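To keep things clear, I will list the structure first and then write my remarks on it.
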Amino acid sequence: MRLVHLILGWSIIVGFASLWLWGLGAWIVRRGTGRYFWWILAYLQAALLIQGLVGLILLVAGGQVPVLHYVYGVIFPVLVLLTAHVLARDAFAHRPWAPFALAAFFSFGLTLRALMTGG
């Protein structure tokens, strides 16, 4: 189960980095992101929730990591993504991918930090 947690964690980190760089590229060339951007975002949101559940299972099974691991790994990224959803709907309706690219930047850093505090 720890291996699943580690592999899923790395895929989330790489996914957020990809989404952030993809959004940056779309901003530089002044184009939309395309449908694969949204598919990766959907994967990341689902993977983040699954990762949180796997982390809870490991905690119940006797795992011990600092509280910051949970904060950086699930709580803050979920809050950042929720904020991006609100911004994409209201303030950035003409460019809905922009808040998610910015959220991916912050979530990349947060989930990378979660990996550092959990190891």
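Chain labels run A, B, ... following the order of the structure tokens; each chain numbers its residues from 1, and ligands are numbered from 1 in the order shown.
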Each residue of segment 92-114 of chain A lying at most 8 Å from segment 6-25 of chain A should get a row with its shortest atom-to-atom pair and the distance in Å to one decimal, counting only C-alpha atoms; could you produce that, ordered by chain and increasing number, as a tab-separated table?
```
residue	atom	partner	partner_atom	distance
A:Trp97	CA	A:Gly23	CA	7.1
A:Ala98	CA	A:Gly23	CA	6.6
A:Phe100	CA	A:Trp20	CA	7.9
A:Ala101	CA	A:Trp20	CA	4.7
A:Leu102	CA	A:Trp20	CA	6.5
A:Ala103	CA	A:Trp20	CA	7.8
A:Ala104	CA	A:Phe16	CA	4.9
A:Phe105	CA	A:Trp20	CA	5.2
A:Ser107	CA	A:Phe16	CA	6.5
A:Phe108	CA	A:Phe16	CA	5.0
A:Thr111	CA	A:Ile13	CA	6.1
A:Leu112	CA	A:Ile13	CA	6.2
```
Expected file: the selected residues, N, CA, C and O atoms, as a compact mmCIF listing (two decimals), in the first residue's frame:
```txt
# COMPACT_ATOMS: atom_id res chain seq x y z
N TRP A 97 -8.98 28.20 -18.18
CA TRP A 97 -7.82 27.37 -17.86
C TRP A 97 -6.79 28.11 -17.02
O TRP A 97 -5.98 27.48 -16.33
N ALA A 98 -6.80 29.44 -17.05
CA ALA A 98 -5.76 30.23 -16.37
C ALA A 98 -5.72 30.00 -14.85
O ALA A 98 -4.63 29.78 -14.30
N PHE A 100 -6.59 27.41 -13.24
CA PHE A 100 -6.15 26.04 -12.99
C PHE A 100 -4.65 25.89 -13.24
O PHE A 100 -3.99 25.11 -12.56
N ALA A 101 -4.12 26.62 -14.21
CA ALA A 101 -2.67 26.60 -14.43
C ALA A 101 -1.95 27.20 -13.22
O ALA A 101 -0.94 26.66 -12.76
N LEU A 102 -2.48 28.30 -12.70
CA LEU A 102 -1.88 28.91 -11.51
C LEU A 102 -2.06 28.01 -10.29
O LEU A 102 -1.13 27.85 -9.49
N ALA A 103 -3.21 27.38 -10.17
CA ALA A 103 -3.44 26.44 -9.08
C ALA A 103 -2.50 25.25 -9.18
O ALA A 103 -2.02 24.72 -8.17
N ALA A 104 -2.21 24.81 -10.41
CA ALA A 104 -1.27 23.70 -10.61
C ALA A 104 0.13 24.08 -10.14
O ALA A 104 0.85 23.25 -9.58
N PHE A 105 0.51 25.35 -10.36
CA PHE A 105 1.81 25.82 -9.88
C PHE A 105 1.91 25.68 -8.36
O PHE A 105 2.87 25.12 -7.84
N SER A 107 -0.10 23.90 -6.37
CA SER A 107 -0.31 22.51 -5.95
C SER A 107 0.93 21.66 -6.22
O SER A 107 1.21 20.72 -5.47
N PHE A 108 1.67 21.97 -7.27
CA PHE A 108 2.93 21.28 -7.54
C PHE A 108 3.88 21.48 -6.36
O PHE A 108 4.46 20.52 -5.84
N THR A 111 2.42 19.65 -3.13
CA THR A 111 2.53 18.20 -3.12
C THR A 111 3.98 17.73 -3.10
O THR A 111 4.29 16.69 -2.52
N LEU A 112 4.86 18.50 -3.73
CA LEU A 112 6.29 18.18 -3.63
C LEU A 112 6.77 18.31 -2.19
O LEU A 112 7.52 17.47 -1.69
```
Query raised in the report: In segment 63-108 of chain A, what's helix (DSSP H, G or I) per DSSP? Answer as a ChimeraX atom specification?
Result: /A:67-89,97-108
Query raised in the report: Within 9 Å of Val78 of chain A, counting only C-alpha atoms, which residues qualify if same-chain residues fewer than 6 places away don't, as a list in words?
Result: Gln45, Leu48, Leu49 and Ser107 of chain A
**Report entry** Nearest residue to Tyr70 of chain A from the set A:Leu82, A:Leu110, A:Met1, A:Ala46 (distances using only C-alpha atoms)
**Finding:**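 Under the stated criterion, the closest residue is A:Leu110.
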Report task. Give me, please, the distance in Å between atom CA of Gly62 of chain A and atom CA of Gly109 of chain A, quoted to one decimal. Result -> 27.0 Å
